[in-house]
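For reference, model27.txt is printed below; it contains compact mmCIF, C-alpha atoms.
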# COMPACT_ATOMS: atom_id res chain seq x y z
CA MET X 1 -24.39 92.57 27.11
CA ASN X 2 -27.59 90.70 27.50
CA ARG X 3 -28.16 87.79 29.84
CA ARG X 4 -28.12 85.18 27.02
CA ASN X 5 -24.67 86.25 25.78
CA THR X 6 -23.33 86.25 29.31
CA VAL X 7 -24.50 82.66 29.84
CA LYS X 8 -22.89 81.62 26.53
CA ILE X 9 -19.57 83.20 27.47
CA ILE X 10 -19.61 81.54 30.89
CA SER X 11 -20.50 78.19 29.28
CA PHE X 12 -17.69 78.48 26.74
CA CYS X 13 -15.19 79.37 29.48
CA ALA X 14 -16.34 76.45 31.63
CA ALA X 15 -16.06 74.09 28.66
CA ALA X 16 -12.58 75.41 27.91
CA VAL X 17 -11.53 74.85 31.50
CA LEU X 18 -12.93 71.32 31.45
CA ILE X 19 -11.23 70.56 28.15
CA ALA X 20 -7.94 71.92 29.47
CA ALA X 21 -8.34 69.88 32.65
CA GLY X 22 -9.12 66.85 30.56
CA PHE X 23 -6.00 67.32 28.47
CA THR X 24 -3.93 67.85 31.63
CA LEU X 25 -5.35 64.70 33.24
CA LYS X 26 -4.82 62.74 30.01
CA SER X 27 -1.24 64.01 29.77
CA ARG X 28 -0.53 63.09 33.38
CA MET X 29 -1.97 59.62 32.90
CA GLU X 30 0.06 59.14 29.73
CA LEU X 31 3.19 60.38 31.51
CA LYS X 32 2.51 58.02 34.43
CA SER X 33 2.00 55.13 32.01
CA TYR X 34 5.15 56.10 30.13
CA ARG X 35 7.17 56.24 33.34
CA LEU X 36 5.81 52.87 34.48
CA GLU X 37 6.71 51.32 31.13
CA ILE X 38 10.27 52.67 31.35
CA GLN X 39 10.54 51.51 34.96
CA ASN X 40 9.50 47.98 34.01
CA ASN X 41 11.91 47.95 31.07
CA TYR X 42 14.78 49.16 33.26
CA SER X 43 13.96 46.61 35.93
CA ARG X 44 13.80 43.77 33.41
CA SER X 45 17.06 44.83 31.73
CA LEU X 46 18.81 45.16 35.09
CA ASN X 47 17.70 41.64 36.06
CA GLU X 48 18.93 40.28 32.72
CA LEU X 49 22.28 42.04 33.14
CA SER X 50 22.61 40.71 36.69
CA GLU X 51 21.80 37.14 35.60
CA SER X 52 24.26 37.18 32.70
CA VAL X 53 27.14 38.66 34.71
CA ASN X 54 26.46 36.19 37.52
CA ASN X 55 26.68 33.33 34.98
CA ILE X 56 29.97 34.80 33.73
CA SER X 57 31.29 34.87 37.29
CA LEU X 58 30.29 31.23 37.85
CA ALA X 59 31.86 30.10 34.55
CA LEU X 60 35.11 31.91 35.35
CA GLU X 61 35.19 30.24 38.75
CA LYS X 62 35.02 26.85 37.01
CA VAL X 63 37.52 27.86 34.31
CA GLN X 64 40.25 28.10 36.98
CA TYR X 65 40.22 24.31 37.22
CA VAL X 66 39.70 23.43 33.55
CA ASN X 67 42.58 21.35 32.25
CA SER X 68 41.51 20.35 28.73
CA ALA X 69 40.93 22.09 25.40
CA LYS X 70 37.51 20.45 24.97
CA GLN X 71 36.16 21.69 28.28
CA MET X 72 37.70 25.14 27.80
CA SER X 73 36.10 25.40 24.37
CA GLY X 74 32.68 24.75 25.89
CA MET X 75 33.27 27.29 28.63
CA ALA X 76 34.49 29.88 26.11
CA ALA X 77 31.33 29.45 24.06
CA GLN X 78 29.23 29.92 27.20
CA LEU X 79 31.17 33.05 28.15
CA LEU X 80 30.74 34.51 24.67
CA THR X 81 26.98 33.92 24.83
CA GLU X 82 26.59 35.38 28.31
CA SER X 83 28.75 38.39 27.37
CA GLU X 84 26.52 39.19 24.40
CA ASN X 85 23.43 38.81 26.58
CA ALA X 86 24.92 41.17 29.16
CA LYS X 87 25.89 43.77 26.54
CA ASN X 88 22.39 43.68 25.08
CA ALA X 89 20.84 44.21 28.53
CA LEU X 90 23.33 46.99 29.33
CA SER X 91 22.42 48.83 26.14
CA GLN X 92 18.84 49.10 27.42
CA LEU X 93 19.88 50.84 30.66
CA PRO X 94 20.57 54.55 31.25
CA SER X 95 24.29 55.34 31.14
CA GLY X 96 24.23 59.02 32.07
CA ASN X 97 27.21 60.94 30.77
CA GLY X 98 29.56 57.96 31.00
CA GLU X 99 30.37 55.49 28.28
CA LEU X 100 30.99 52.56 30.67
CA THR X 101 34.00 51.74 28.51
CA VAL X 102 35.72 49.45 31.02
CA LEU X 103 32.55 47.47 31.64
CA ASN X 104 31.91 47.11 27.91
CA ARG X 105 35.54 46.15 27.35
CA PHE X 106 35.28 43.50 30.05
CA LEU X 107 32.17 42.02 28.46
CA SER X 108 33.77 42.07 25.01
CA GLN X 109 37.04 40.46 26.04
CA VAL X 110 36.06 37.90 28.67
CA GLY X 111 34.75 35.41 26.09
CA ASN X 112 37.42 36.25 23.54
CA TYR X 113 40.17 35.59 26.07
CA ALA X 114 38.70 32.21 27.04
CA MET X 115 38.46 31.33 23.34
CA ALA X 116 42.11 32.29 22.82
CA VAL X 117 43.15 30.07 25.74
CA SER X 118 41.07 27.24 24.28
CA LYS X 119 42.89 27.52 20.95
CA SER X 120 46.21 27.56 22.79
CA LEU X 121 45.34 24.35 24.63
CA ILE X 122 44.25 22.72 21.38
CA SER X 123 47.68 23.57 19.97
CA GLY X 124 49.31 21.62 22.78
CA ASN X 125 50.27 24.44 25.10
CA GLN X 126 49.70 24.17 28.83
CA PRO X 127 48.14 26.76 31.17
CA ASN X 128 50.79 29.02 32.72
CA ASP X 129 50.96 31.52 35.58
CA GLU X 130 49.96 34.41 33.32
CA TYR X 131 46.84 32.53 32.26
CA SER X 132 45.94 31.74 35.88
CA GLY X 133 46.48 35.34 36.92
CA ASN X 134 44.30 36.71 34.11
CA ILE X 135 41.47 34.28 34.88
CA GLU X 136 41.67 35.26 38.54
CA LEU X 137 41.43 38.96 37.66
CA LEU X 138 38.52 38.34 35.31
CA LYS X 139 36.72 36.33 37.98
CA ASN X 140 37.25 39.03 40.62
CA THR X 141 36.06 41.69 38.17
CA ALA X 142 32.90 39.72 37.41
CA GLN X 143 32.20 39.37 41.13
CA ILE X 144 32.60 43.14 41.63
CA ILE X 145 30.18 43.82 38.78
CA THR X 146 27.69 41.25 40.08
CA GLU X 147 27.71 42.78 43.57
CA THR X 148 27.35 46.33 42.24
CA ILE X 149 24.39 45.38 40.05
CA LYS X 150 22.83 43.51 42.96
CA ASN X 151 23.06 46.63 45.13
CA SER X 152 21.59 48.74 42.34
CA ASP X 153 18.64 46.38 42.11
CA ILE X 154 17.98 46.72 45.84
CA SER X 155 18.50 50.49 45.84
CA TYR X 156 16.16 51.17 42.94
CA ALA X 157 13.39 48.80 43.89
CA ALA X 158 11.84 51.76 45.75
CA PRO X 159 9.35 53.61 43.51
CA GLU X 160 10.67 57.05 44.48
CA LYS X 161 14.17 56.11 43.38
CA TRP X 162 12.91 54.96 40.02
CA ALA X 163 10.84 58.12 39.75
CA GLN X 164 13.94 60.23 40.36
CA GLU X 165 15.77 58.40 37.59
CA LEU X 166 12.84 58.71 35.22
CA ASN X 167 12.42 62.41 35.98
CA LYS X 168 16.07 63.00 35.24
CA LYS X 169 15.80 61.14 31.97
CA LEU X 170 12.63 62.95 30.92
CA ASP X 171 14.02 66.34 31.98
CA ASN X 172 17.39 65.55 30.43
CA THR X 173 19.20 66.19 33.71
CA ALA X 174 21.84 64.15 35.51
CA GLU X 175 21.82 65.34 39.10
CA GLY X 176 21.88 63.30 42.26
CA ASP X 177 22.16 59.60 42.91
CA SER X 178 20.73 57.55 40.03
CA LEU X 179 20.84 54.11 38.53
CA ALA X 180 23.22 55.45 35.90
CA ASP X 181 25.52 56.68 38.68
CA SER X 182 25.44 53.24 40.29
CA LEU X 183 26.40 51.54 37.04
CA GLY X 184 28.98 54.21 36.33
CA SER X 185 30.62 53.62 39.72
CA ILE X 186 31.70 50.20 38.45
CA GLU X 187 34.19 52.01 36.23
CA GLU X 188 35.99 53.43 39.25
CA SER X 189 36.39 50.00 40.88
CA LEU X 190 38.00 48.26 37.88
CA THR X 191 41.43 49.85 38.02
CA ASP X 192 43.12 46.42 38.18
CA TYR X 193 41.30 45.05 35.14
CA PRO X 194 44.00 43.88 32.67
CA THR X 195 44.22 44.67 28.99
CA LEU X 196 44.18 41.13 27.56
CA VAL X 197 46.12 40.00 24.29
CA TYR X 198 34.92 29.44 31.34
CA ASP X 199 20.40 19.37 43.83
CA GLY X 200 22.78 16.78 43.50
CA PRO X 201 24.85 16.58 40.33
CA TYR X 202 22.94 16.76 37.04
CA SER X 203 19.47 16.78 38.56
CA ASP X 204 18.44 19.38 35.94
CA HIS X 205 19.43 17.14 33.01
CA ILE X 206 17.97 13.77 33.89
CA LEU X 207 14.33 14.55 33.07
CA GLU X 208 14.85 15.83 29.53
CA LYS X 209 14.57 12.50 27.69
CA GLU X 210 11.69 10.13 27.07
CA PRO X 211 11.34 7.87 30.15
CA VAL X 212 13.08 4.56 29.48
CA MET X 213 11.19 2.51 32.08
CA LEU X 214 7.77 3.54 30.77
CA LYS X 215 8.46 2.87 27.09
CA ASP X 216 7.05 -0.66 26.87
CA ALA X 217 5.41 -0.91 30.29
CA GLN X 218 1.86 -2.25 30.54
CA LYS X 219 -0.76 0.38 31.35
CA VAL X 220 -2.74 0.30 34.58
CA ASN X 221 -6.24 1.62 35.15
CA GLU X 222 -7.44 4.15 37.72
CA SER X 223 -8.43 1.50 40.27
CA GLN X 224 -5.04 -0.24 40.07
CA ALA X 225 -3.27 3.10 40.40
CA GLN X 226 -5.35 3.92 43.48
CA VAL X 227 -4.19 0.74 45.20
CA LYS X 228 -0.57 1.71 44.51
CA ALA X 229 -1.17 5.26 45.76
CA ALA X 230 -2.53 3.87 49.03
CA GLU X 231 0.49 1.60 49.44
CA ILE X 232 3.07 4.31 48.84
CA SER X 233 1.38 6.88 51.08
CA GLY X 234 0.28 4.57 53.88
CA ILE X 235 -3.27 5.89 53.57
CA GLU X 236 -6.33 3.66 53.32
CA LYS X 237 -7.56 3.21 49.75
CA GLU X 238 -11.02 4.57 50.57
CA LYS X 239 -9.52 7.79 51.93
CA ILE X 240 -7.36 8.65 48.94
CA VAL X 241 -9.43 10.25 46.17
CA TYR X 242 -8.81 10.37 42.43
CA GLU X 243 -8.40 13.93 41.13
CA GLU X 244 -7.28 13.87 37.53
CA LYS X 245 -5.09 12.28 34.89
CA THR X 246 -2.05 14.37 33.98
CA GLY X 247 -0.21 14.38 30.64
CA GLY X 248 3.35 15.15 29.60
CA LYS X 249 6.18 12.68 29.17
CA MET X 250 4.89 10.63 32.08
CA PRO X 251 1.05 10.45 31.98
CA ALA X 252 -0.14 9.69 35.50
CA TYR X 253 -3.15 9.37 37.79
CA ARG X 254 -3.18 11.90 40.60
CA PHE X 255 -4.79 11.21 43.98
CA SER X 256 -5.14 13.26 47.15
CA SER X 257 -6.14 12.93 50.79
CA GLU X 258 -6.15 16.00 53.05
CA ASP X 259 -2.45 17.05 53.14
CA THR X 260 -1.14 14.32 50.79
CA THR X 261 -0.82 14.14 47.00
CA VAL X 262 0.27 11.01 45.12
CA SER X 263 0.90 10.51 41.40
CA ILE X 264 1.07 7.04 39.81
CA THR X 265 2.23 6.58 36.21
CA GLU X 266 -0.28 5.13 33.77
CA ALA X 267 2.46 3.05 32.11
CA GLY X 268 3.74 0.50 34.60
CA GLY X 269 1.88 1.88 37.64
CA TYR X 270 5.05 3.33 39.17
CA PRO X 271 4.95 5.98 41.92
CA LEU X 272 6.03 9.23 40.27
CA TYR X 273 5.84 11.34 43.38
CA MET X 274 4.27 11.53 46.82
CA ARG X 275 4.15 14.82 48.74
CA LYS X 276 2.79 15.72 52.14
CA SER X 277 2.39 19.21 53.57
CA ARG X 278 2.11 20.22 57.21
CA ASN X 279 3.81 22.50 59.68
CA ILE X 280 7.07 20.97 60.89
CA GLY X 281 7.80 21.23 64.62
CA ASP X 282 11.13 21.63 66.37
CA TYR X 283 14.01 19.64 64.89
CA VAL X 284 14.58 16.43 66.81
CA LEU X 285 16.44 14.33 64.25
CA GLU X 286 19.99 14.71 62.93
CA TYR X 287 20.96 13.97 59.34
CA ARG X 288 22.14 10.41 60.05
CA GLN X 289 18.79 9.59 61.64
CA ALA X 290 16.90 11.12 58.71
CA LEU X 291 19.07 9.08 56.33
CA ASP X 292 18.21 5.88 58.22
CA LYS X 293 14.48 6.71 57.94
CA ALA X 294 14.85 7.31 54.19
CA ARG X 295 16.76 4.05 53.65
CA ARG X 296 14.14 2.06 55.55
CA PHE X 297 11.39 3.62 53.44
CA LEU X 298 13.13 2.62 50.18
CA GLU X 299 13.62 -0.93 51.47
CA LYS X 300 9.96 -1.12 52.51
CA ILE X 301 8.71 -0.24 49.01
CA GLY X 302 11.20 -2.56 47.30
CA MET X 303 13.69 0.03 46.03
CA SER X 304 17.07 -1.57 46.73
CA GLY X 305 20.55 -0.93 45.37
CA PHE X 306 20.73 2.82 46.00
CA THR X 307 23.41 4.93 47.64
CA GLU X 308 22.90 8.35 49.16
CA THR X 309 24.63 11.24 47.40
CA TYR X 310 23.64 14.74 48.51
CA PHE X 311 21.03 16.29 50.77
CA PHE X 312 19.48 19.62 51.62
CA THR X 313 17.21 20.62 54.48
CA ASP X 314 14.52 23.18 53.78
CA GLU X 315 11.56 24.20 55.97
CA GLY X 316 12.06 21.27 58.29
CA VAL X 317 12.29 18.58 55.60
CA CYS X 318 15.60 16.86 54.81
CA VAL X 319 15.54 15.90 51.12
CA ILE X 320 18.09 13.18 50.36
CA SER X 321 19.09 12.23 46.81
CA PHE X 322 19.76 8.55 46.18
CA ALA X 323 21.54 7.31 43.04
CA TYR X 324 21.32 3.76 41.75
CA LEU X 325 24.55 1.85 42.37
CA ASP X 326 25.33 -0.41 39.38
CA GLY X 327 28.21 -2.52 40.68
CA GLN X 328 30.84 0.12 41.53
CA THR X 329 29.33 2.81 39.31
CA ILE X 330 27.21 5.57 40.84
CA CYS X 331 24.46 6.30 38.30
CA TYR X 332 23.61 9.96 38.84
CA THR X 333 21.12 9.54 36.01
CA ASP X 334 18.99 7.05 37.98
CA LEU X 335 17.96 9.34 40.80
CA VAL X 336 15.26 9.16 43.47
CA LYS X 337 14.61 11.66 46.26
CA VAL X 338 13.22 11.07 49.72
CA GLY X 339 12.16 13.86 52.07
CA VAL X 340 12.10 13.23 55.84
CA ALA X 341 10.43 15.46 58.46
CA MET X 342 13.04 16.46 61.00
CA ASP X 343 10.56 16.56 63.88
CA ASN X 344 9.29 12.97 63.81
CA GLY X 345 10.86 11.16 60.84
CA GLU X 346 7.69 11.06 58.71
CA ILE X 347 8.30 10.56 54.99
CA MET X 348 7.11 13.83 53.44
CA LEU X 349 8.33 13.44 49.87
CA TYR X 350 9.21 10.75 47.37
CA GLU X 351 10.19 11.51 43.76
CA THR X 352 11.31 9.03 41.09
CA GLY X 353 11.38 11.07 37.86
CA GLY X 354 15.09 10.61 37.24
CA TYR X 355 14.98 6.89 37.91
CA LEU X 356 11.96 6.30 35.66
CA SER X 357 13.52 8.39 32.89
CA ASN X 358 16.88 6.67 32.79
CA HIS X 359 17.09 3.33 34.57
CA THR X 360 17.84 0.33 32.40
CA ASP X 361 20.07 -2.77 32.44
CA ARG X 362 23.57 -1.69 31.45
CA ALA X 363 26.65 -3.67 30.57
CA PHE X 364 29.66 -1.56 31.52
CA GLU X 365 33.00 -2.33 29.91
CA THR X 366 36.24 -2.23 31.82
CA PRO X 367 37.55 1.36 31.81
CA ALA X 368 40.06 1.96 29.03
CA ILE X 369 42.24 4.08 31.31
CA SER X 370 43.22 3.59 34.93
CA SER X 371 42.15 5.85 37.76
CA ASP X 372 45.78 7.00 38.10
CA ASP X 373 45.92 8.02 34.43
CA ALA X 374 42.60 9.82 34.82
CA ALA X 375 43.83 11.58 37.96
CA ALA X 376 46.76 12.95 35.96
CA LYS X 377 44.21 14.88 33.86
CA VAL X 378 43.00 16.83 36.89
CA SER X 379 44.33 20.35 37.37
CA GLU X 380 47.44 20.62 39.53
CA ARG X 381 45.63 23.36 41.45
CA LEU X 382 43.31 20.72 42.92
CA SER X 383 44.04 18.09 45.58
CA ILE X 384 42.16 14.82 45.02
CA ARG X 385 40.42 13.46 48.14
CA GLU X 386 38.16 10.72 46.78
CA THR X 387 37.80 8.74 43.56
CA ALA X 388 34.79 6.79 42.22
CA LEU X 389 33.22 5.63 38.97
CA ALA X 390 30.09 7.56 38.00
CA LEU X 391 27.58 7.63 35.16
CA ILE X 392 26.59 11.19 34.25
CA PRO X 393 24.18 12.56 31.65
CA THR X 394 25.37 14.54 28.67
CA LYS X 395 23.71 17.72 27.39
CA SER X 396 22.71 15.87 24.22
CA GLY X 397 20.60 13.41 26.23
CA GLY X 398 23.09 10.53 26.38
CA GLU X 399 25.20 9.32 29.26
CA VAL X 400 28.91 8.80 29.81
CA ARG X 401 30.88 6.82 32.38
CA CYS X 402 33.56 8.80 34.15
CA TYR X 403 35.97 8.82 37.02
CA GLU X 404 34.58 11.21 39.62
CA PHE X 405 37.26 13.04 41.58
CA VAL X 406 36.23 14.90 44.73
CA CYS X 407 38.84 17.63 45.06
CA THR X 408 39.82 20.53 47.25
CA ALA X 409 41.02 23.81 45.74
CA GLU X 410 43.74 26.01 47.20
CA ASP X 411 41.12 28.24 48.83
CA GLY X 412 39.34 25.25 50.40
CA GLN X 413 36.51 25.16 47.84
CA GLU X 414 35.29 21.63 47.05
CA ILE X 415 35.28 20.74 43.35
CA LEU X 416 34.03 17.69 41.43
CA VAL X 417 35.98 16.78 38.27
CA TYR X 418 34.72 14.15 35.81
CA ILE X 419 37.21 12.40 33.49
CA ASN X 420 35.88 10.11 30.75
CA ALA X 421 36.78 6.50 31.65
CA VAL X 422 37.24 5.59 27.96
CA THR X 423 38.78 8.63 26.28
CA GLY X 424 40.43 10.28 29.26
CA GLU X 425 38.84 13.62 28.32
CA GLU X 426 37.70 16.11 30.91
CA GLU X 427 33.89 15.91 30.74
CA ASP X 428 32.70 18.34 33.40
CA ILE X 429 33.50 20.33 36.53
CA LEU X 430 31.07 21.11 39.35
CA ILE X 431 31.46 23.33 42.40
CA LEU X 432 30.06 22.04 45.69
CA LEU X 433 28.17 24.48 47.90
CA LYS X 434 28.08 23.31 51.51
CA SER X 435 26.07 24.85 54.31
CA ASP X 436 24.46 23.81 57.57
CA GLY X 437 21.42 22.85 55.50
CA GLY X 438 23.28 20.42 53.24
CA THR X 439 25.13 20.34 49.92
CA LEU X 440 24.21 21.66 46.48
CA THR X 441 26.20 21.83 43.24
CA LYS X 442 26.61 24.47 40.59

Mind turning this structure into structure tokens?
Amino acid sequence: MNRRNTVKIISFCAAAVLIAAGFTLKSRMELKSYRLEIQNNYSRSLNELSESVNNISLALEKVQYVNSAKQMSGMAAQLLTESENAKNALSQLPSGNGELTVLNRFLSQVGNYAMAVSKSLISGNQPNDEYSGNIELLKNTAQIITETIKNSDISYAAPEKWAQELNKKLDNTAEGDSLADSLGSIEESLTDYPTLVYDGPYSDHILEKEPVMLKDAQKVNESQAQVKAAEISGIEKEKIVYEEKTGGKMPAYRFSSEDTTVSITEAGGYPLYMRKSRNIGDYVLEYRQALDKARRFLEKIGMSGFTETYFFTDEGVCVISFAYLDGQTICYTDLVKVGVAMDNGEIMLYETGGYLSNHTDRAFETPAISSDDAAAKVSERLSIRETALALIPTKSGGEVRCYEFVCTAEDGQEILVYINAVTGEEEDILILLKSDGGTLTK
């Protein structure tokens, strides 16, 4: 064999090796990409399943205290929707050798059972002990599922765990501890599942409509807005600088100065928000002192007629929600928030979106039913502690005047029940979450 042929053979072999290496590298990269795609899909589906089952658990917790067909019908529709969302997410997850029949049965029947109870209430029947027991079992089951999924999410956040699961799926094996095993373990914990024959209040709803106060308000220019920004922040006009004009439902001029941002609406020149940012030192104030600071601030800027509702302390700032008090009616629609630094009482936050969106002159009629008649609509499982008149927003963008009953459940949980002051219908139920930091609702 001559030298030229030898070189050719060596060249061909080297090219073959390089081509093979290239294919191997390409295959590994494609496999890595494929595994990453599956990992992301699993992670997204697991989060969706967790969110839906958590919503089911929350709805079932509220259903325990529902006492009207109308409210139960709304809860049943929510449960049906969340059940379908959960089943869709579950179908995207690995199930191993198991069928997850109990879990699927739970998701299928939880909404159907609530709908059946709703129809029963519409027919004039009253909730009985069997109904209460079934709702309790469904709620406990949902909580078990939620906790198991939560643990699965934590366990499989580690890349090597996901890699194990993906390897098993790609190799068509089912050995060891996997996400499918975690989901499958739910089946073993549902032995008692029955075979069966639902920031302060409404803070998420009050910004959805066109702002009432800005509708016919006269527009202000940048210079006028700057004067207002200086007043609300306590900063000299020359030291607060115009940044931009923002759009949306409330077009506004935005100004800043070091650690402070202020936004003034173009229509009417109202303060939309004021926020300060700094490191908060050791807590010196208590809630009552922070509340006094917030009240004084509102009085100083001419915002009178408000009553405090709920508060929450986060990162050293106590944010207090104030609702406009129209006579004896607490208007949860007309909301402002004031944040107070717990180290020195400085006003760190002021927000008026709810108030600007909803406040208007109202002429309330005398309630058509008495507070005693309304109280009779509240579930017997709840003990009423306080009663007030309240204006709450509806999901359709309107508002309705209700009796607000602050109640205590048998397990000590605090519940808010709203009974329509005209029709006597049960409008809504909220669960109060209390902690050392304050009170939230869900």

Test item: residues at most 8 Å from X:Ser50, all atoms listed in the file, excluding those fewer than 2 positions along its chain, as a list in words: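 Result of the neighbour search: Leu46, Asn47, Glu48, Ser52, Val53, Asn54, Ala86, Thr146, Ile149 and Lys150 of chain X.
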
Residue neighbourhood X:Asp282, 9 Å, all atoms listed in the file, exclusion window fewer than 3 positions, as a PyMOL selection string: chain X and resi 316+342-343

Just the residues within 9 Å of X:Met213, please, counting only C-alpha atoms, with nothing from its chain fewer than 6 positions along; format it as a PyMOL selection string. chain X and resi 267-268+355-360

Between atom CA of X:Leu416 and atom CA of X:Leu430, measure the distance and give it in Å to one decimal.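 Atom-to-atom, atom CA of X:Leu416 to atom CA of X:Leu430, that is 5.0 Å.
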
Which residue of X:Ala368, X:Ala363, X:Ala341, X:Leu335 approaches X:Arg275 most closely, using all atoms listed in the file: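 The shortest atom-to-atom distance to X:Arg275 comes from X:Ala341.
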
For X:Ile235, the nearest of the candidates X:Val212, X:Ala252, X:Val262, X:Ala217, counting only C-alpha atoms: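 So, comparing all the options, the nearest one is X:Val262.
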
I need stretch 57-76 of chain X written out with C-alpha atoms, as a short mmCIF file (atom, residue, chain, number, x, y, z; two decimals), in the first residue's frame; please produce it.
data_model
loop_
_atom_site.label_atom_id
_atom_site.label_comp_id
_atom_site.auth_asym_id
_atom_site.auth_seq_id
_atom_site.Cartn_x
_atom_site.Cartn_y
_atom_site.Cartn_z
CA SER X 57 -59.48 23.41 49.47
CA LEU X 58 -60.20 27.10 50.09
CA ALA X 59 -63.65 26.91 48.45
CA LEU X 60 -64.57 23.83 50.50
CA GLU X 61 -63.51 25.65 53.66
CA LYS X 62 -65.96 28.43 52.79
CA VAL X 63 -68.70 26.00 51.73
CA GLN X 64 -68.96 24.78 55.34
CA TYR X 65 -70.59 28.08 56.25
CA VAL X 66 -72.70 28.66 53.13
CA ASN X 67 -76.37 28.86 54.02
CA SER X 68 -78.08 29.82 50.75
CA ALA X 69 -78.73 28.21 47.37
CA LYS X 70 -77.40 31.26 45.49
CA GLN X 71 -74.05 31.26 47.25
CA MET X 72 -73.74 27.46 47.01
CA SER X 73 -74.44 27.62 43.28
CA GLY X 74 -71.57 30.06 42.81
CA MET X 75 -69.24 27.91 44.89
CA ALA X 76 -70.27 24.77 42.98
#
